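Step one of this worksheet: look at the structure below.
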There are 2 protein chains.
Amino acid sequence: MEQAISFTEENYLKTIYSLSKQNKGKIANLSIAEKLHINPATVTEMLKKLNEKNLIDYNRIDGAALTSQGESLALKVIRKHRLWETFLVNKLSFNWDEVHEIAEQLEHIQSDKLIRQLDKLLGFPKFDPHGDPIPDKNGQLPQSQAFPLVSVEEPGTTYKLIGVANHTTAFLQYLDKIKITINDKIEIKEIHEFDHSMVIRIGNRTAVMISSEVAKNLLVSAQ
Amino acid sequence: MEQAISFTEENYLKTIYSLSKQNKGKIANLSIAEKLHINPATVTEMLKKLNEKNLIDYNRIDGAALTSQGESLALKVIRKHRLWETFLVNKLSFNWDEVHEIAEQLEHIQSDKLIRQLDKLLGFPKFDPHGDPIPDKNGQLPQSQAFPLVSVEEPGTTYKLIGVANHTTAFLQYLDKIKITINDKIEIKEIHEFDHSMVIRIGNRTAVMISSEVAKNLLVSAQ
DNA sequence: TTTAACTTTTGGGCAAACCTAATGATCATT
DNA sequence: AATGATCATTAGGTTTGCCCAAAAGTTAAA
């Protein structure tokens, strides 16, 4: 019963997985359509098909939810994506804002040995260049104590940047511009009540102001 | 006029290129069909399409021949294929008989920078793990003075194995079994007239007998 | 040179993913 | 509970790349 899975199907599973992690509620066809830039009608067809294949549970009322089989496939694709991103940055000197598109292609390459060996070459990394956790070969995600910087209420404390919640080129290039990168220390100097913008000090450089929108997308841990 | 090219089209171009290098004559639809394991009718359709796109010159009488544009695309794919094979063997500890299928997938990944950086990581190799020449970024193939071992007429001389003309798993595993690999020295001890089988000495080990079929697929250079 | 064997092409079809336009459901609000 | 607004689905179409069977063209051998 070897069930072949197409690139397209893998992309749907990945999308459903990531939507299910961000919005806790029902996964609407429309949100899948928007994320994949395709027509909702197409989504309906594909969800029916994935349902048939037992990769998702789907009905009009509850929307789509991955079955355990579907989730494990999604995690496999995500694992590949994040390992390839790590490879591109760590071994091929890519910048973190250049790797997404290429990893979107590489994530569909099929070879278990390839991924095992790549993982080894990279030293079994737990997080990718954006701080996203890399599922292990069993689909287990490493624990992360990341929380968004915007959730901090009081100034005075120093945190460490361990990830970003937005992977757009625009955002990553903004971070490059204000010269902040993974593992940098961030000290909160001021929090402005009315718009929740912040003044932060990165490392021991001059303080900069960031909007709450930016703070929302900076994932930090204590100290 | 950015002309997108599909995986399938790339595979046709690559196939036409390699057929044109081995058989000097006309490239028949049927030989393409056999190599790609598809129906001849499908080949006719695709050749027409590639002709439309100016990637090949095609007509029923002369068969298919790459245009310069088509050849340059074919060489690009071959470059990627061979660089990826080199990566798999040199960086990920694959055996040379395991890399073909994976490289068939990887060769279609689109990113010029990726290939530039991969080339650099590998130290700008000129030949892949099977001794096949890797086209440079301009599509230039390095010179190779390889000739098939079978073409040697007299015993007594020592050669160096620099490539293989057959990439099947079966042949490569046979070579592993008789423990011969790229760069090994081969001394010809005997040549049997009637079937052109040979007795050869690999390095300084015990001599072994090989058939002319094997000798045909061993590419060597002087000393 | 004519028949047999082989190759190429045509014509009709199929499956995967996509689309648009129109219809049918559901939801939120008055 | 009716009414818009929004979302999901259906129906009919497209493109790409494949198939088969039959027809047409080419080549080679009798």
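Just so we're on the same page: first chain in the structure tokens is A, next is B, and so on; residues restart at 1 for each chain, and ligands are numbered from 1 in the order they show up.
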
Counting only C-alpha atoms (C1' of nucleotides), which residues of chain C sit at most 8 Å from some atom of chain B, and what is each one's closest atom pair with its distance in Å to one decimal, listed by chain and rising residue number, as a tab-separated table?
residue	atom	partner	partner_atom	distance
C:DT7	C1'	B:Leu30	CA	7.3
C:DT8	C1'	B:Arg60	CA	7.4
C:DT9	C1'	B:Ala41	CA	7.2

For range 13-30 of chain C, work out the shell of residues within 9 Å, counting only C-alpha atoms (C1' of nucleotides) and skipping chain neighbours fewer than 4 positions away, then give it as a ChimeraX atom specification.
/A:8,38-39,41-42,46 /D:3,5-11,13-15,18-20

What are the residues of chain B that have an atom within 8 Å of an atom of chain A, counting only C-alpha atoms, as a compact mmCIF listing (two decimals) with all heavy atoms, in the first residue's frame?
# COMPACT_ATOMS: atom_id res chain seq x y z
N LEU B 88 27.25 14.45 -2.67
CA LEU B 88 26.75 13.28 -1.94
C LEU B 88 27.90 12.34 -1.55
O LEU B 88 27.94 11.83 -0.42
CB LEU B 88 25.71 12.53 -2.78
CG LEU B 88 24.40 13.29 -3.02
CD1 LEU B 88 23.52 12.56 -4.03
CD2 LEU B 88 23.63 13.49 -1.70
N LYS B 91 30.82 14.80 0.60
CA LYS B 91 30.42 15.46 1.84
C LYS B 91 29.47 14.62 2.68
O LYS B 91 29.40 14.78 3.89
CB LYS B 91 29.77 16.82 1.54
CG LYS B 91 30.68 17.81 0.86
CD LYS B 91 31.78 18.30 1.79
CE LYS B 91 32.80 19.16 1.04
NZ LYS B 91 33.90 19.60 1.93
N LEU B 92 28.68 13.78 2.02
CA LEU B 92 27.69 13.02 2.79
C LEU B 92 27.98 11.52 2.82
O LEU B 92 27.10 10.73 3.17
CB LEU B 92 26.27 13.28 2.26
CG LEU B 92 25.75 14.72 2.36
CD1 LEU B 92 24.25 14.76 2.03
CD2 LEU B 92 25.98 15.34 3.73
N SER B 93 29.19 11.15 2.48
CA SER B 93 29.62 9.75 2.60
C SER B 93 28.76 8.74 1.87
O SER B 93 28.60 7.61 2.33
CB SER B 93 29.67 9.33 4.07
OG SER B 93 30.25 10.32 4.86
N ILE B 102 19.20 10.14 -6.50
CA ILE B 102 19.02 11.38 -5.73
C ILE B 102 19.43 12.59 -6.55
O ILE B 102 18.75 13.61 -6.56
CB ILE B 102 19.81 11.30 -4.41
CG1 ILE B 102 19.41 10.04 -3.63
CG2 ILE B 102 19.55 12.54 -3.56
CD1 ILE B 102 20.22 9.82 -2.37
N GLN B 105 16.89 13.93 -8.85
CA GLN B 105 15.93 14.86 -8.24
C GLN B 105 16.58 16.23 -8.04
O GLN B 105 16.01 17.26 -8.38
CB GLN B 105 15.46 14.34 -6.89
CG GLN B 105 14.73 13.00 -6.93
CD GLN B 105 14.32 12.55 -5.53
OE1 GLN B 105 13.59 13.24 -4.82
NE2 GLN B 105 14.81 11.39 -5.10
N LEU B 106 17.77 16.23 -7.47
CA LEU B 106 18.42 17.49 -7.10
C LEU B 106 18.78 18.35 -8.31
O LEU B 106 18.83 19.58 -8.20
CB LEU B 106 19.67 17.19 -6.28
CG LEU B 106 19.41 16.70 -4.84
CD1 LEU B 106 20.67 16.06 -4.25
CD2 LEU B 106 18.95 17.86 -3.95
N ILE B 109 16.62 21.50 -9.07
CA ILE B 109 16.48 22.64 -8.16
C ILE B 109 17.01 23.90 -8.83
O ILE B 109 18.08 23.89 -9.42
CB ILE B 109 17.27 22.40 -6.85
CG1 ILE B 109 16.83 21.10 -6.18
CG2 ILE B 109 17.17 23.60 -5.92
CD1 ILE B 109 15.46 21.13 -5.58
N GLN B 110 16.21 24.96 -8.74
CA GLN B 110 16.60 26.18 -9.45
C GLN B 110 17.15 27.22 -8.51
O GLN B 110 16.40 27.80 -7.72
CB GLN B 110 15.38 26.77 -10.16
CG GLN B 110 14.68 25.72 -10.95
CD GLN B 110 14.45 26.10 -12.37
OE1 GLN B 110 13.35 26.01 -12.83
NE2 GLN B 110 15.49 26.54 -13.08
N SER B 111 18.42 27.46 -8.63
CA SER B 111 19.05 28.56 -7.91
C SER B 111 20.50 28.64 -8.36
O SER B 111 21.30 27.77 -8.05
CB SER B 111 18.98 28.35 -6.40
OG SER B 111 19.90 29.21 -5.75
N LEU B 114 22.88 28.80 -5.41
CA LEU B 114 23.07 27.50 -4.76
C LEU B 114 24.18 26.71 -5.46
O LEU B 114 25.06 26.15 -4.82
CB LEU B 114 21.75 26.73 -4.82
CG LEU B 114 21.78 25.27 -4.36
CD1 LEU B 114 22.29 25.14 -2.94
CD2 LEU B 114 20.39 24.65 -4.48
N GLN B 117 27.67 28.22 -4.96
CA GLN B 117 28.20 28.00 -3.62
C GLN B 117 28.55 26.53 -3.39
O GLN B 117 29.51 26.20 -2.69
CB GLN B 117 27.18 28.45 -2.57
CG GLN B 117 26.89 29.93 -2.57
CD GLN B 117 28.11 30.76 -2.21
OE1 GLN B 117 28.85 31.22 -3.07
NE2 GLN B 117 28.33 30.95 -0.92
N LEU B 118 27.75 25.67 -3.99
CA LEU B 118 28.01 24.23 -3.85
C LEU B 118 29.35 23.92 -4.53
O LEU B 118 30.20 23.20 -3.98
CB LEU B 118 26.88 23.46 -4.52
CG LEU B 118 26.89 21.94 -4.34
CD1 LEU B 118 26.70 21.56 -2.88
CD2 LEU B 118 25.79 21.30 -5.19
N LEU B 121 32.03 25.03 -2.26
CA LEU B 121 32.17 24.12 -1.10
C LEU B 121 32.96 22.87 -1.50
O LEU B 121 33.74 22.34 -0.70
CB LEU B 121 30.78 23.72 -0.60
CG LEU B 121 30.73 22.69 0.55
CD1 LEU B 121 31.13 23.34 1.88
CD2 LEU B 121 29.34 22.07 0.70

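Proximity to DT3 in chain C was assessed for D:DA29, D:DA2, D:DG17, D:DG12 counting only C-alpha atoms (C1' of nucleotides); the smallest distance is recorded for D:DA29.
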
Shortest contact to chain D, candidates B:Ser144, B:Ser18, B:Leu75, B:Lys49, atoms counted only C-alpha atoms (C1' of nucleotides), goes to B:Lys49
